$ cat work-v2.cif   # mmCIF, C-alpha atoms (C1' of nucleotides)
data_upload
loop_
_atom_site.label_atom_id
_atom_site.label_comp_id
_atom_site.auth_asym_id
_atom_site.auth_seq_id
_atom_site.Cartn_x
_atom_site.Cartn_y
_atom_site.Cartn_z
CA MET G 1 238.79 170.81 114.51
CA SER G 2 239.20 171.34 118.25
CA LEU G 3 243.00 171.31 118.43
CA ARG G 4 243.20 174.64 116.56
CA HIS G 5 240.83 176.25 119.02
CA ALA G 6 242.57 174.78 122.04
CA LEU G 7 245.83 176.32 120.78
CA LEU G 8 244.16 179.65 120.01
CA GLY G 9 242.55 179.66 123.46
CA LEU G 10 245.88 179.10 125.19
CA LEU G 11 247.54 181.79 123.11
CA ALA G 12 244.65 184.15 123.92
CA GLU G 13 245.82 184.04 127.53
CA ARG G 14 249.38 185.02 126.68
CA PRO G 15 252.06 184.48 124.02
CA ARG G 16 253.75 181.10 124.32
CA THR G 17 256.27 178.86 122.56
CA GLY G 18 255.21 175.63 120.87
CA TYR G 19 256.98 173.76 123.63
CA ALA G 20 255.06 175.64 126.34
CA LEU G 21 251.81 174.77 124.53
CA LEU G 22 252.90 171.15 124.40
CA LYS G 23 253.48 171.18 128.16
CA HIS G 24 249.94 172.44 128.66
CA PHE G 25 248.69 169.39 126.78
CA GLU G 26 250.56 167.29 129.30
CA GLY G 27 249.14 169.38 132.18
CA SER G 28 245.64 170.62 132.99
CA ILE G 29 244.38 170.62 129.37
CA SER G 30 245.11 166.89 129.19
CA TYR G 31 242.02 166.35 131.37
CA VAL G 32 239.86 167.50 128.44
CA TRP G 33 242.00 167.20 125.28
CA THR G 34 245.32 165.70 124.31
CA ALA G 35 247.84 166.24 121.52
CA ARG G 36 251.45 165.31 120.81
CA HIS G 37 254.22 167.56 119.60
CA SER G 38 253.99 165.99 116.14
CA GLN G 39 250.47 167.36 115.88
CA ILE G 40 251.05 170.70 117.60
CA TYR G 41 254.00 172.02 115.58
CA PRO G 42 252.43 171.49 112.13
CA GLU G 43 249.15 172.96 113.41
CA LEU G 44 250.96 176.09 114.63
CA ALA G 45 252.47 176.48 111.16
CA ARG G 46 248.97 176.23 109.64
CA LEU G 47 247.50 178.71 112.13
CA GLN G 48 250.26 181.17 111.20
CA GLU G 49 249.62 180.62 107.49
CA ASP G 50 245.94 181.35 108.11
CA GLY G 51 246.81 184.56 109.95
CA PHE G 52 245.34 183.43 113.29
CA ILE G 53 248.68 183.62 115.11
CA ARG G 54 252.04 185.27 114.44
CA GLN G 55 255.56 184.61 115.66
CA SER G 56 256.20 187.61 117.88
CA ALA G 57 259.73 186.76 119.00
CA SER G 58 262.40 184.10 119.36
CA GLY G 59 263.30 182.58 122.71
CA PRO G 60 266.35 180.63 123.87
CA ARG G 61 267.48 177.47 122.03
CA GLY G 62 265.72 178.35 118.80
CA SER G 63 262.27 178.42 120.39
CA LYS G 64 259.54 180.43 118.69
CA ILE G 65 257.18 182.62 120.67
CA TYR G 66 253.72 182.86 119.11
CA GLU G 67 250.99 185.38 119.84
CA ILE G 68 247.34 185.41 118.79
CA THR G 69 246.16 187.93 116.18
CA LYS G 70 242.86 189.82 116.11
CA ALA G 71 241.65 187.33 113.47
CA GLY G 72 242.65 184.45 115.75
CA LEU G 73 240.78 185.89 118.72
CA ASP G 74 237.72 186.44 116.52
CA GLU G 75 237.96 182.88 115.26
CA VAL G 76 238.09 181.20 118.67
CA ARG G 77 235.16 183.38 119.87
CA ARG G 78 233.19 182.56 116.71
CA TRP G 79 233.85 178.86 117.30
CA LEU G 80 232.61 179.09 120.89
CA ARG G 81 229.50 181.09 119.95
CA GLU G 82 228.42 179.66 116.64
CA THR G 83 229.41 176.01 116.47
CA GLU G 84 227.67 173.12 118.17
CA PRO G 85 229.86 171.12 120.60
CA GLU G 86 230.89 167.77 119.15
CA ARG G 87 229.42 165.28 121.61
CA THR G 88 230.50 161.94 120.09
CA VAL G 89 231.41 159.55 122.88
CA ARG G 90 234.28 157.12 122.50
CA SER G 91 235.31 155.45 125.74
CA ASP G 92 237.44 152.33 125.63
CA PRO G 93 236.91 151.52 129.35
CA LEU G 94 233.12 151.70 128.94
CA LEU G 95 233.20 149.60 125.78
CA ARG G 96 234.97 146.98 127.85
CA VAL G 97 232.16 147.11 130.43
CA PHE G 98 229.74 146.31 127.61
CA LEU G 99 231.78 143.22 126.72
CA LEU G 100 232.48 142.11 130.27
CA TRP G 101 229.94 139.27 130.04
CA LEU G 102 232.56 137.48 127.88
CA LEU G 103 234.73 136.97 130.97
CA GLN G 104 234.38 134.86 134.10
CA PRO G 105 232.83 136.62 137.12
CA GLU G 106 236.23 136.71 138.90
CA GLU G 107 237.85 138.36 135.88
CA ARG G 108 234.99 140.81 135.61
CA GLU G 109 235.46 141.77 139.23
CA GLU G 110 239.19 142.18 138.74
CA PHE G 111 238.57 144.54 135.87
CA LEU G 112 236.20 146.65 137.97
CA ARG G 113 238.67 146.70 140.87
CA ARG G 114 241.43 147.98 138.60
CA GLU G 115 239.14 150.67 137.25
CA LEU G 116 238.24 151.66 140.80
CA GLU G 117 241.92 151.90 141.71
CA HIS G 118 242.65 153.99 138.66
CA ASN G 119 239.79 156.38 139.34
CA ARG G 120 240.75 156.82 142.99
CA ALA G 121 244.27 157.79 141.92
CA TYR G 122 242.85 160.12 139.28
CA LEU G 123 240.62 161.77 141.90
CA ALA G 124 243.65 162.30 144.15
CA ARG G 125 245.47 164.03 141.27
CA LEU G 126 242.49 166.29 140.62
CA GLU G 127 242.23 167.17 144.30
CA GLN G 128 245.92 168.06 144.25
CA LEU G 129 245.33 170.24 141.17
CA GLY G 130 242.64 172.05 143.11
CA ARG G 131 245.13 173.03 145.82
CA SER G 132 247.39 174.86 143.34
CA GLU G 133 245.69 178.04 142.20
CA PRO G 134 246.10 179.63 138.77
CA ALA G 135 244.53 183.01 139.85
CA ASN G 136 244.15 184.96 136.61
CA ALA G 137 241.48 185.80 134.04
CA THR G 138 240.93 182.11 133.38
CA GLU G 139 240.45 181.27 137.05
CA GLN G 140 236.68 180.81 137.02
CA THR G 141 236.60 178.54 134.01
CA PHE G 142 239.53 176.54 135.40
CA ARG G 143 237.46 176.04 138.58
CA PHE G 144 234.47 175.01 136.45
CA ALA G 145 236.47 172.39 134.57
CA LEU G 146 238.10 171.12 137.75
CA GLU G 147 234.78 170.85 139.57
CA HIS G 148 233.43 168.88 136.61
CA GLY G 149 236.38 166.51 136.81
CA LEU G 150 235.89 166.02 140.55
CA ARG G 151 232.17 165.34 140.26
CA ALA G 152 232.52 163.06 137.22
CA THR G 153 235.26 161.05 138.89
CA ARG G 154 233.36 160.71 142.17
CA ALA G 155 230.32 159.54 140.19
CA ARG G 156 232.50 156.95 138.44
CA ILE G 157 233.89 155.74 141.76
CA GLY G 158 230.38 155.48 143.19
CA TRP G 159 229.30 153.53 140.14
CA LEU G 160 232.24 151.11 140.38
CA GLU G 161 231.52 150.48 144.06
CA TRP G 162 227.90 149.84 143.14
CA ALA G 163 228.90 147.50 140.29
CA LEU G 164 231.25 145.55 142.54
CA ALA G 165 228.47 145.18 145.11
CA GLN G 166 226.16 143.70 142.43
CA SER G 167 228.02 140.42 142.15
CA PRO G 168 229.46 139.51 145.56
CA LEU G 169 232.41 137.19 145.13
CA PRO G 170 235.05 135.79 147.53
CA GLU G 171 237.64 138.43 148.47
CA MET A 1 242.03 149.32 118.00
CA SER A 2 238.68 149.23 119.77
CA LEU A 3 236.37 149.00 116.76
CA ARG A 4 237.58 145.48 115.95
CA HIS A 5 236.82 144.34 119.48
CA ALA A 6 233.46 146.05 119.58
CA LEU A 7 232.53 144.14 116.41
CA LEU A 8 233.91 140.88 117.76
CA GLY A 9 232.01 141.41 121.02
CA LEU A 10 228.72 141.93 119.21
CA LEU A 11 229.32 138.88 117.03
CA ALA A 12 230.17 136.85 120.14
CA GLU A 13 226.55 137.32 121.21
CA ARG A 14 225.15 135.98 117.95
CA PRO A 15 225.81 136.01 114.18
CA ARG A 16 224.79 139.27 112.55
CA THR A 17 224.92 141.10 109.22
CA GLY A 18 227.11 144.16 108.72
CA TYR A 19 223.95 146.22 108.60
CA ALA A 20 222.72 144.84 111.93
CA LEU A 21 226.11 145.69 113.45
CA LEU A 22 225.82 149.20 112.03
CA LYS A 23 222.40 149.58 113.67
CA HIS A 24 223.96 148.64 117.01
CA PHE A 25 226.39 151.51 116.59
CA GLU A 26 223.38 153.78 116.21
CA GLY A 27 221.73 152.16 119.25
CA SER A 28 222.99 151.29 122.71
CA ILE A 29 226.67 150.94 121.72
CA SER A 30 226.62 154.54 120.53
CA TYR A 31 226.65 155.58 124.20
CA VAL A 32 230.21 154.23 124.48
CA TRP A 33 231.57 153.97 120.91
CA THR A 34 230.55 155.11 117.45
CA ALA A 35 231.36 154.05 113.89
CA ARG A 36 229.92 154.64 110.44
CA HIS A 37 229.21 152.06 107.78
CA SER A 38 232.26 153.23 105.82
CA GLN A 39 234.41 152.09 108.72
CA ILE A 40 232.46 148.96 109.63
CA TYR A 41 232.34 147.19 106.25
CA PRO A 42 236.08 147.39 105.52
CA GLU A 43 236.83 146.34 109.11
CA LEU A 44 234.61 143.26 108.73
CA ALA A 45 236.55 142.34 105.59
CA ARG A 46 239.81 142.66 107.54
CA LEU A 47 238.47 140.60 110.46
CA GLN A 48 237.51 137.88 108.01
CA GLU A 49 240.93 138.02 106.36
CA ASP A 50 242.49 137.64 109.81
CA GLY A 51 240.30 134.62 110.55
CA PHE A 52 238.48 136.22 113.48
CA ILE A 53 235.07 136.01 111.81
CA ARG A 54 233.59 134.07 108.89
CA GLN A 55 230.62 134.62 106.64
CA SER A 56 228.27 131.89 107.74
CA ALA A 57 225.37 132.60 105.39
CA SER A 58 223.73 135.10 103.11
CA GLY A 59 220.58 136.93 104.08
CA PRO A 60 217.98 138.74 101.99
CA ARG A 61 219.01 141.57 99.63
CA GLY A 62 222.59 140.48 99.35
CA SER A 63 223.28 140.85 103.06
CA LYS A 64 226.13 138.84 104.58
CA ILE A 65 225.72 137.09 107.90
CA TYR A 66 228.96 136.90 109.86
CA GLU A 67 229.78 134.69 112.82
CA ILE A 68 232.73 134.80 115.19
CA THR A 69 235.39 132.06 115.02
CA LYS A 70 237.23 130.40 117.90
CA ALA A 71 240.23 132.65 117.10
CA GLY A 72 237.97 135.71 117.22
CA LEU A 73 236.52 134.77 120.59
CA ASP A 74 240.03 134.16 121.91
CA GLU A 75 241.15 137.52 120.55
CA VAL A 76 238.39 139.58 122.15
CA ARG A 77 238.94 137.79 125.47
CA ARG A 78 242.69 138.35 125.22
CA TRP A 79 242.07 142.03 124.56
CA LEU A 80 239.84 142.33 127.63
CA ARG A 81 242.24 140.45 129.87
CA GLU A 82 245.68 141.52 128.73
CA THR A 83 245.47 145.05 127.36
CA GLU A 84 245.24 148.24 129.37
CA PRO A 85 242.13 150.37 128.69
CA GLU A 86 242.93 153.43 126.60
CA ARG A 87 241.92 156.32 128.88
CA THR A 88 242.76 159.32 126.71
CA VAL A 89 240.10 161.97 127.22
CA ARG A 90 238.91 164.14 124.35
CA SER A 91 235.80 166.15 125.14
CA ASP A 92 234.90 169.08 122.95
CA PRO A 93 232.24 170.39 125.38
CA LEU A 94 234.74 170.40 128.27
CA LEU A 95 237.41 172.06 126.16
CA ARG A 96 234.87 174.82 125.57
CA VAL A 97 234.38 175.19 129.32
CA PHE A 98 238.13 175.76 129.62
CA LEU A 99 237.89 178.59 127.08
CA LEU A 100 234.67 180.10 128.39
CA TRP A 101 236.51 183.05 129.96
CA LEU A 102 236.90 184.39 126.39
CA LEU A 103 233.16 185.13 126.29
CA GLN A 104 230.94 187.65 128.07
CA PRO A 105 229.24 186.39 131.27
CA GLU A 106 225.83 186.31 129.50
CA GLU A 107 227.26 184.20 126.67
CA ARG A 108 228.93 181.91 129.16
CA GLU A 109 225.63 181.39 130.92
CA GLU A 110 223.88 180.70 127.64
CA PHE A 111 226.42 178.02 126.82
CA LEU A 112 225.91 176.35 130.20
CA ARG A 113 222.12 176.49 129.82
CA ARG A 114 222.31 174.78 126.43
CA GLU A 115 224.55 172.09 127.89
CA LEU A 116 222.09 171.60 130.75
CA GLU A 117 219.24 171.24 128.28
CA HIS A 118 221.18 168.73 126.22
CA ASN A 119 222.10 166.66 129.26
CA ARG A 120 218.53 166.60 130.57
CA ALA A 121 217.35 165.28 127.21
CA TYR A 122 220.17 162.73 127.19
CA LEU A 123 219.18 161.57 130.70
CA ALA A 124 215.59 161.14 129.55
CA ARG A 125 216.79 158.94 126.65
CA LEU A 126 218.88 156.81 129.03
CA GLU A 127 215.94 156.42 131.41
CA GLN A 128 213.82 155.29 128.47
CA LEU A 129 216.53 152.78 127.50
CA GLY A 130 216.36 151.41 131.04
CA ARG A 131 212.68 150.63 130.65
CA SER A 132 213.29 148.33 127.66
CA GLU A 133 214.98 145.13 128.75
CA PRO A 134 217.45 143.07 126.70
CA ALA A 135 217.25 140.00 129.00
CA ASN A 136 220.00 137.69 127.75
CA ALA A 137 223.59 136.75 128.60
CA THR A 138 224.68 140.35 128.22
CA GLU A 139 222.00 141.67 130.55
CA GLN A 140 224.21 142.36 133.57
CA THR A 141 226.86 144.25 131.65
CA PHE A 142 224.18 146.20 129.78
CA ARG A 143 222.78 147.23 133.20
CA PHE A 144 226.31 148.18 134.31
CA ALA A 145 226.87 150.41 131.30
CA LEU A 146 223.42 151.96 131.58
CA GLU A 147 223.85 152.67 135.29
CA HIS A 148 227.17 154.34 134.49
CA GLY A 149 225.47 156.53 131.89
CA LEU A 150 222.72 157.50 134.31
CA ARG A 151 225.13 158.38 137.13
CA ALA A 152 227.56 160.24 134.85
CA THR A 153 224.76 162.26 133.27
CA ARG A 154 223.18 163.12 136.62
CA ALA A 155 226.61 164.24 137.87
CA ARG A 156 226.96 166.45 134.78
CA ILE A 157 223.54 167.96 135.35
CA GLY A 158 224.38 168.65 138.99
CA TRP A 159 227.64 170.27 137.93
CA LEU A 160 225.91 172.49 135.34
CA GLU A 161 223.37 173.63 137.92
CA TRP A 162 226.22 174.39 140.31
CA ALA A 163 228.15 176.28 137.59
CA LEU A 164 225.09 178.34 136.66
CA ALA A 165 224.61 179.22 140.32
CA GLN A 166 228.20 180.52 140.52
CA SER A 167 227.58 183.60 138.41
CA PRO A 168 224.05 184.80 139.03
CA LEU A 169 222.82 186.86 136.11
CA PRO A 170 219.45 188.36 135.12
CA GLU A 171 217.08 185.64 133.83
"C1'" DA T 1 281.52 163.12 130.00
"C1'" DA T 2 276.83 161.53 130.19
"C1'" DT T 3 272.15 162.22 131.01
"C1'" DT T 4 268.09 164.83 131.12
"C1'" DG T 5 265.18 168.38 129.55
"C1'" DC T 6 264.40 171.96 126.11
"C1'" DA T 7 263.04 172.70 121.42
"C1'" DT T 8 261.60 171.79 116.79
"C1'" DG T 9 260.52 169.40 112.89
"C1'" DT T 10 259.06 165.40 109.20
"C1'" DA T 11 257.37 160.69 107.52
"C1'" DA T 12 254.63 156.78 107.65
"C1'" DA T 13 250.85 154.43 109.28
"C1'" DT T 14 246.37 154.18 111.46
"C1'" DT T 15 241.84 155.71 112.51
"C1'" DG T 16 237.82 158.22 111.47
"C1'" DT T 17 234.60 161.38 108.57
"C1'" DT T 18 232.35 162.95 104.49
"C1'" DA T 19 231.16 162.16 100.04
"C1'" DC T 20 230.41 159.22 96.10
"C1'" DA T 21 228.07 155.16 94.24
"C1'" DT T 22 224.80 151.37 93.48
"C1'" DG T 23 220.93 148.28 93.85
"C1'" DA T 24 217.07 145.54 96.25
"C1'" DT T 25 212.73 145.48 98.94
"C1'" DT T 26 209.08 147.48 101.51
"C1'" DT T 27 205.92 150.97 102.62
"C1'" DT T 28 203.05 154.88 101.44
"C1'" DA D 1 205.02 155.64 91.27
"C1'" DA D 2 207.72 157.61 94.86
"C1'" DA D 3 209.90 157.50 99.15
"C1'" DA D 4 211.96 155.16 102.79
"C1'" DT D 5 214.68 151.60 104.46
"C1'" DC D 6 217.73 147.75 103.76
"C1'" DA D 7 222.31 146.58 102.25
"C1'" DT D 8 227.03 147.05 100.75
"C1'" DG D 9 230.92 149.03 99.09
"C1'" DT D 10 234.92 152.69 97.64
"C1'" DA D 11 237.49 157.27 97.48
"C1'" DA D 12 239.14 161.37 99.27
"C1'" DC D 13 240.13 163.84 103.05
"C1'" DA D 14 241.08 164.94 107.96
"C1'" DA D 15 242.83 163.82 112.46
"C1'" DT D 16 245.89 161.22 115.35
"C1'" DT D 17 249.77 158.14 116.68
"C1'" DT D 18 254.24 156.21 116.29
"C1'" DA D 19 258.61 156.48 114.67
"C1'" DC D 20 262.45 158.93 112.72
"C1'" DA D 21 265.59 162.86 113.17
"C1'" DT D 22 268.33 166.74 114.93
"C1'" DG D 23 270.58 170.09 118.00
"C1'" DC D 24 271.17 173.17 122.21
"C1'" DA D 25 271.65 173.91 127.31
"C1'" DA D 26 271.62 172.60 132.00
"C1'" DT D 27 272.44 169.34 135.43
"C1'" DT D 28 274.81 165.35 137.53
#
$ encode --input "work-v2.cif" --output "structure tokens"
Amino acid sequence: MSLRHALLGLLAERPRTGYALLKHFEGSISYVWTARHSQIYPELARLQEDGFIRQSASGPRGSKIYEITKAGLDEVRRWLRETEPERTVRSDPLLRVFLLWLLQPEEREEFLRRELEHNRAYLARLEQLGRSEPANATEQTFRFALEHGLRATRARIGWLEWALAQSPLPE
Amino acid sequence: MSLRHALLGLLAERPRTGYALLKHFEGSISYVWTARHSQIYPELARLQEDGFIRQSASGPRGSKIYEITKAGLDEVRRWLRETEPERTVRSDPLLRVFLLWLLQPEEREEFLRRELEHNRAYLARLEQLGRSEPANATEQTFRFALEHGLRATRARIGWLEWALAQSPLPE
DNA sequence: AATTGCATGTAAATTGTTACATGATTTT
DNA sequence: AAAATCATGTAACAATTTACATGCAATT
């Protein structure tokens, strides 16, 4: 279960509240994993029960500040070292590409154009992300993930331009 | 729900048994979506209940041959035209990259090397796929999806080589 | 005073995996 | 005769989403 390890990894950086963790899943982590508050809060309770995190303090407005334990740090490192990455692919946009033959050529092209638009906007967001530095222990791996996002998105844009050039249609 | 539409899309090509559909999810469709038999068979029952497919015949060994109905064809087309692709990203390998700072540089490099190996093997499988033609109505979109896979995988390989070059370490 | 953002939780439903279960036909 | 593959299903569990639910604090 990756969510546990994503939470442990974020708490390994520094203690955080559940809400702060949630915000991370709306920020840079969202480019690789997503979760809602209804999944995060119960998972934090389970991690505490398992002794991987502890509530170190209380913040304003009844917020709870969690910190990782030695067992938690061991667990996230064990997961990274000893378990095989789960590589199952599940991409709705690509599934649609597979079924695109069901549409008229003009509709197919419209779909590809929309995807191209979306990916160009996504690339712009990633480039913006790259201009705001985190500058801490996690800096190198943040750069790694960002560079992956940039290259993957540029490849997708190149592919969409190629696909659109395959079936020339009126404007 | 994408599984329904993946099944409808495959049945739009030609009538097939549940088992044949399952085999597709172990073949080329697996590059964009996966499902097990325990998910496929109940979903086929539901699609039939909803009138999107019908059992047109029985094959050998108690197999059931399903065909798509007019309503099913309309539904998959409606889905392609009117619904927004679900773009949520969930990549275990990339999440690991985000947490790689938790490991020693040598362990980090080992992780990246294994990923590189995996992606090179994956690329070889895709290139093999490209040498075996389907040659029917779905040919163009099959080529589109394959070309995407090739470009995305090459981009990933380039990124891994770049990442490994970032932190030079003894062989 | 009202709206937005902070902050946490639970319940119900859906989607997906792993395990259980059975039987026919073909290949070795 | 045994093993592999074809062929279908269900049950239990895990992961995820959507909806329900509440209250505090800061901003407009």
$ interface_residues --input "work-v2.cif" --of "chain T" --to "chain G" --cutoff "10 Å" --atoms "all atoms listed in the file" --output "number ranges by chain"
T: 6-10
$ closest_residue --input "work-v2.cif" --among "A:Gln104, A:Ser56, A:Ser28, A:Thr141" --to "chain G" --atoms "only C-alpha atoms"
A:Thr141
$ atom_distance --input "work-v2.cif" --atom1 "atom CA of A:Ala152" --atom2 "atom CA of A:Thr88"
17.3 Å
$ closest_atom_pairs --input "work-v2.cif" --of "chain G" --to "chain A" --cutoff "8 Å" --atoms "only C-alpha atoms" --output "CSV"
residue,atom,partner,partner_atom,distance
G:Ser2,CA,A:Asp92,CA,6.8
G:Ala6,CA,A:Leu95,CA,7.1
G:Gly9,CA,A:Leu99,CA,6.0
G:Ile29,CA,A:Leu95,CA,7.8
G:Ser30,CA,A:Val89,CA,7.3
G:Tyr31,CA,A:Val89,CA,6.3
G:Val32,CA,A:Arg90,CA,5.4
G:Trp33,CA,A:Arg90,CA,4.4
G:Thr34,CA,A:Arg90,CA,6.6
G:Arg77,CA,A:Leu102,CA,6.8
G:Leu80,CA,A:Arg96,CA,6.7
G:Arg81,CA,A:Glu107,CA,7.7
G:Pro85,CA,A:Pro93,CA,5.4
G:Glu86,CA,A:Asp92,CA,5.7
G:Arg87,CA,A:Asp92,CA,6.8
G:Thr88,CA,A:Thr34,CA,7.3
G:Val89,CA,A:Val32,CA,5.7
G:Arg90,CA,A:Trp33,CA,4.4
G:Ser91,CA,A:Val32,CA,5.4
G:Asp92,CA,A:Glu86,CA,5.7
G:Pro93,CA,A:Pro85,CA,5.4
G:Leu94,CA,A:Val32,CA,5.9
G:Leu95,CA,A:Val32,CA,5.7
G:Arg96,CA,A:Leu80,CA,6.7
G:Val97,CA,A:Thr141,CA,6.1
G:Phe98,CA,A:Thr141,CA,5.4
G:Leu99,CA,A:Gly9,CA,6.0
G:Leu100,CA,A:Thr141,CA,6.2
G:Trp101,CA,A:Thr138,CA,5.7
G:Leu102,CA,A:Arg77,CA,6.8
G:Leu103,CA,A:Arg77,CA,7.0
G:Glu107,CA,A:Arg81,CA,7.7
G:Ala137,CA,A:Trp101,CA,7.0
G:Thr138,CA,A:Trp101,CA,5.7
G:Gln140,CA,A:Trp101,CA,7.4
G:Thr141,CA,A:Phe98,CA,5.4
G:Phe142,CA,A:Phe98,CA,6.0
G:Phe144,CA,A:Ala163,CA,6.5
G:Ala145,CA,A:Phe98,CA,6.2
G:Glu147,CA,A:Trp159,CA,7.3
G:His148,CA,A:Trp159,CA,6.1
G:Arg151,CA,A:Ala155,CA,6.2
G:Ala152,CA,A:Ala155,CA,6.1
G:Ala155,CA,A:Ala152,CA,6.1
G:Arg156,CA,A:Ala152,CA,6.9
G:Trp159,CA,A:His148,CA,6.1
G:Ala163,CA,A:Phe144,CA,6.6
$ interface_residues --input "work-v2.cif" --of "chain D" --to "chain A" --cutoff "10 Å" --atoms "only C-alpha atoms (C1' of nucleotides)" --output "PyMOL selection string"
chain D and resi 6-10
$ atom_distance --input "work-v2.cif" --atom1 "atom C1' of T:DA2" --atom2 "atom CA of G:Leu21"
28.9 Å
$ resolve_selection --input "work-v2.cif" --expression "the PyMOL selection byres ((chain T and resi 19) around 12)" --output "NGL selection string"
(:A and (38)) or (:T and (17-18 or 20-21)) or (:D and (10-13))
$ write_last_selection --input "work-v2.cif" --atoms "C-alpha atoms (C1' of nucleotides)" --output "short mmCIF file (atom, residue, chain, number, x, y, z; two decimals), in the frame of the given file"
data_model
loop_
_atom_site.label_atom_id
_atom_site.label_comp_id
_atom_site.auth_asym_id
_atom_site.auth_seq_id
_atom_site.Cartn_x
_atom_site.Cartn_y
_atom_site.Cartn_z
CA SER A 38 232.26 153.23 105.82
"C1'" DT T 17 234.60 161.38 108.57
"C1'" DT T 18 232.35 162.95 104.49
"C1'" DC T 20 230.41 159.22 96.10
"C1'" DA T 21 228.07 155.16 94.24
"C1'" DT D 10 234.92 152.69 97.64
"C1'" DA D 11 237.49 157.27 97.48
"C1'" DA D 12 239.14 161.37 99.27
"C1'" DC D 13 240.13 163.84 103.05
#
$ closest_residue --input "work-v2.cif" --among "G:Thr69, G:Gln55, G:Gln48, G:Gln39" --to "G:Arg16" --atoms "all atoms listed in the file"
G:Gln55
$ atom_distance --input "work-v2.cif" --atom1 "atom CA of G:Leu112" --atom2 "atom CA of G:Glu161"
8.6 Å
$ resolve_selection --input "work-v2.cif" --expression "the PyMOL selection byres ((chain G and resi 49-52) around 7)" --output "PyMOL selection string"
chain G and resi 45-48+53-54+68-69+71-72
$ resolve_selection --input "work-v2.cif" --expression "the PyMOL selection byres ((chain D and resi 2) around 9)" --output "PyMOL selection string"
(chain T and resi 28) or (chain D and resi 1+3)
$ axis_aligned_box --input "work-v2.cif" --around "stretch 28-37 of chain A" --padding-each-side "3 Å" --output "AutoDock Vina command-line options"
--center_x 227.3 --center_y 153.3 --center_z 116.1 --size_x 14.6 --size_y 10.6 --size_z 22.7
$ residues_around --input "work-v2.cif" --residues "D:DT5" --least-positions-apart "4" --cutoff "9 Å" --atoms "only C-alpha atoms (C1' of nucleotides)" --output "ChimeraX atom specification"
/T:25-27
$ closest_residue --input "work-v2.cif" --among "A:Ala121, A:Leu129, A:Leu11, A:Ala165" --to "A:Lys70" --atoms "only C-alpha atoms"
A:Leu11
